[in-house]
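Novice: Once you've had a glance at the structure underneath, I'll fire off some questions.
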Amino acid sequence: MTALAHLRTLLVLGRVSNLPTIWSNVLVGWFLSGGGWTGEAAWIVGGMSLLYIGGMTLNDAFDAEWDKKHAPGRPIPAGRIGRGGVWAYGLVQLAGGIFILSLFSSAHPILIAALIGNIFLYNWLHKKWAGSVLIMGMCRALVYLGAGSAVAAHTSAIELSPTLLAIAVGSVLYIAGLTLAARAEHLRPDQPTGFLPRILLMLPVLFPLITSSMMPNDTVRIALVVVGVFGIWSWLVITRTALRRKIPIGVAYAIAGIAFFDAATVAFADWRAAVLCLGCFVITLAAQRVIPAT
């Protein structure tokens with residue numbers, strides 16, 4: 001295998017096309033907690049990125065036997081890399097993320113440990129327990145919370161704003177709704193998606209309303225709320241339509257949409273961060289055309 005082919009295999013294992021959504025999660029957690037434009041935010045982005053890539057890589061290591069029967073095109077069953085190599089890469093990536101976050105950020109160690117624990121727990125259980133969708137959502141939520149905890153790190157306690165906690169809870173439920181909707185569309189394509197998945201999938205519409213209290217009640221605030229709510233609603237409609245037509249594309253859109261929701265969410269704290277989140281959204285959509293999202 002050539003070096004370029006091996007690199008592509010690693011990128012596929014790490015689902016790196018979705019990586020910009022982790023960057024936008026960090027921006028939301030950081031700026032909603034009162035963070036500024038400092039180098040620490042960049043270190044958190046780097047550390048969380050390695051944790052994400054490591055977790056996704058280990059997903060293939062855990063699923064190697066299942067993929068052999070159900071997804072033979074994945075790197076391990078296709079013979080592009082050995083299972084032992086995938087374990088090694090994934091663990092090294094996780095170790096790198098822990099190293100960066102521990103030495104170059106003030107992210108609370110309990111939250112980082114919880115994120116690592118949830119990564120392993122999800123990879124172990126997701127083929128065995130339907131409720132693991134909540135664990136997957138917790139992994140996302142802990143990226144927001146881990147980044148936010150670094151801003152108020154002057155005490156040993158975990159200090160997080162109620163606004164950020166609300167967004168984190170919303171992200172857990174959104175991820176759960178996405179997974180439930182995708183499963184419903186796959187198993188019962190001729191039947192409408194259930195009420196609960198539809199409600200959970202639309203929760204990000206509330207995110208701009210939650211964070212708008214950070215700004216004075218003026219015309220700018222109202223405009224941002226209207227644009228944010230309408231934009232999120234529109235993208236979710238596109239996502240639901242894609243889920244009905246072709247599930248992998250719908251899932252990819254739903255993942256990319258996380259960065260779009262983050263833009264509408266963080267706009268009330270820092271407009272420059274919102275622009276970066278929109279950039280993450282565009283980059284994710286473009287990258288998904290090259291590297292599969294799932």
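Identifiers in this document derive from the order of the structure tokens: chains are assigned A, B, ..., residues are numbered from 1 separately in each chain, and ligands are numbered from 1 in order of occurrence.
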Write out as a ChimeraX atom specification all residues of segment 48-127 of chain A that DSSP puts in alpha helix (DSSP H) for this structure's backbone.

Specialist: /A:48-62,64-70,83-104,109-125

Novice: Fewer than 5 positions away in the same chain doesn't count, so skip those; otherwise give me all residues within 8 Å of segment 220-228 of chain A, counting only C-alpha atoms, as a PyMOL selection string.

Specialist: chain A and resi 205+208-209+212+215+261+264-265+267-268

Novice: Between A:Ile249, A:Leu27, A:Ile199, A:Ala152, which is the closest to Leu278 of chain A once you count only C-alpha atoms?

Specialist: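 When distances to Leu278 of chain A are compared using only C-alpha atoms, the smallest one comes from A:Leu27.
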
Novice: Mind checking which residues fall within 7 Å of Ala61 of chain A, counting only C-alpha atoms, ignoring those fewer than 2 positions away in the same chain, and posting them as a compact mmCIF listing (two decimals) with N, CA and C atoms, in the first residue's frame?

Specialist:
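Full text of selection24.txt as output:
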```
# COMPACT_ATOMS: atom_id res chain seq x y z
N THR A 57 -11.64 6.02 15.18
CA THR A 57 -10.75 4.95 14.74
C THR A 57 -11.00 3.68 15.54
N LEU A 58 -11.13 3.82 16.86
CA LEU A 58 -11.37 2.65 17.70
C LEU A 58 -12.74 2.04 17.43
N ASN A 59 -13.67 2.83 16.89
CA ASN A 59 -14.97 2.29 16.53
C ASN A 59 -14.83 1.14 15.55
N ASP A 63 -15.69 -2.84 16.05
CA ASP A 63 -16.72 -3.38 15.14
C ASP A 63 -16.16 -4.30 14.06
N ALA A 64 -14.91 -4.71 14.17
CA ALA A 64 -14.26 -5.45 13.08
C ALA A 64 -15.05 -6.71 12.69
N ARG A 83 -6.41 -5.13 12.25
CA ARG A 83 -7.14 -4.70 13.46
C ARG A 83 -6.18 -4.20 14.53
N VAL A 86 -5.16 -0.70 13.84
CA VAL A 86 -6.23 0.25 14.15
C VAL A 86 -6.28 0.53 15.65
N TRP A 87 -6.14 -0.52 16.45
CA TRP A 87 -6.08 -0.32 17.91
C TRP A 87 -4.91 0.60 18.27
```

Novice: Could you state the separation of atom CA of Ile44 of chain A and atom CA of Ile100 of chain A in Å, given to one decimal place?

Specialist: 7.6 Å

Novice: Find the residue from A:Trp43, A:Phe207, A:Phe31, A:Trp23 that sits nearest to Phe281 of chain A; use only C-alpha atoms when measuring.

Specialist: A:Trp23

Novice: Measuring between only C-alpha atoms, which one of A:Gly14, A:Gly29, A:Pro109, A:Gly146 shows the shortest distance to Gln93 of chain A?

Specialist: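 That would be A:Gly14, the residue with the smallest distance to Gln93 of chain A.
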
Novice: If you measure from atom CA of Leu180 of chain A to atom CA of Ser17 of chain A, what distance in Å do you get, rounded to one decimal?

Specialist: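 Between atom CA of Leu180 of chain A and atom CA of Ser17 of chain A the gap is 22.3 Å.
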
Novice: Let me make sure I understand: among A:Asp218, A:Asp60, A:Asp262, A:Glu40, which one has the smallest atom-to-atom distance to Ile76 of chain A if we use only C-alpha atoms?

Specialist: A:Asp60

Novice: What lies within 10 Å of Ala157 of chain A using only C-alpha atoms, ignoring chain neighbours under 4 positions off, as an mmCIF file with N, CA and C atoms, in the first residue's frame?

Specialist:
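Below you can see result05.cif, which holds the result:
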```
data_model
loop_
_atom_site.group_PDB
_atom_site.id
_atom_site.type_symbol
_atom_site.label_atom_id
_atom_site.label_comp_id
_atom_site.auth_asym_id
_atom_site.auth_seq_id
_atom_site.Cartn_x
_atom_site.Cartn_y
_atom_site.Cartn_z
ATOM 1 N N HIS A 108 -11.421 20.834 32.578
ATOM 2 C CA HIS A 108 -11.481 20.089 33.831
ATOM 3 C C HIS A 108 -11.196 18.609 33.594
ATOM 4 N N ILE A 110 -11.992 15.961 35.176
ATOM 5 C CA ILE A 110 -13.132 15.052 35.365
ATOM 6 C C ILE A 110 -13.953 14.971 34.080
ATOM 7 N N SER A 149 -15.438 24.459 30.489
ATOM 8 C CA SER A 149 -14.847 24.359 31.830
ATOM 9 C C SER A 149 -13.474 25.010 31.896
ATOM 10 N N ALA A 152 -13.493 28.903 33.163
ATOM 11 C CA ALA A 152 -13.627 29.202 34.590
ATOM 12 C C ALA A 152 -12.869 28.170 35.403
ATOM 13 N N ALA A 153 -11.562 28.108 35.185
ATOM 14 C CA ALA A 153 -10.761 27.051 35.807
ATOM 15 C C ALA A 153 -9.973 27.537 37.014
#
```
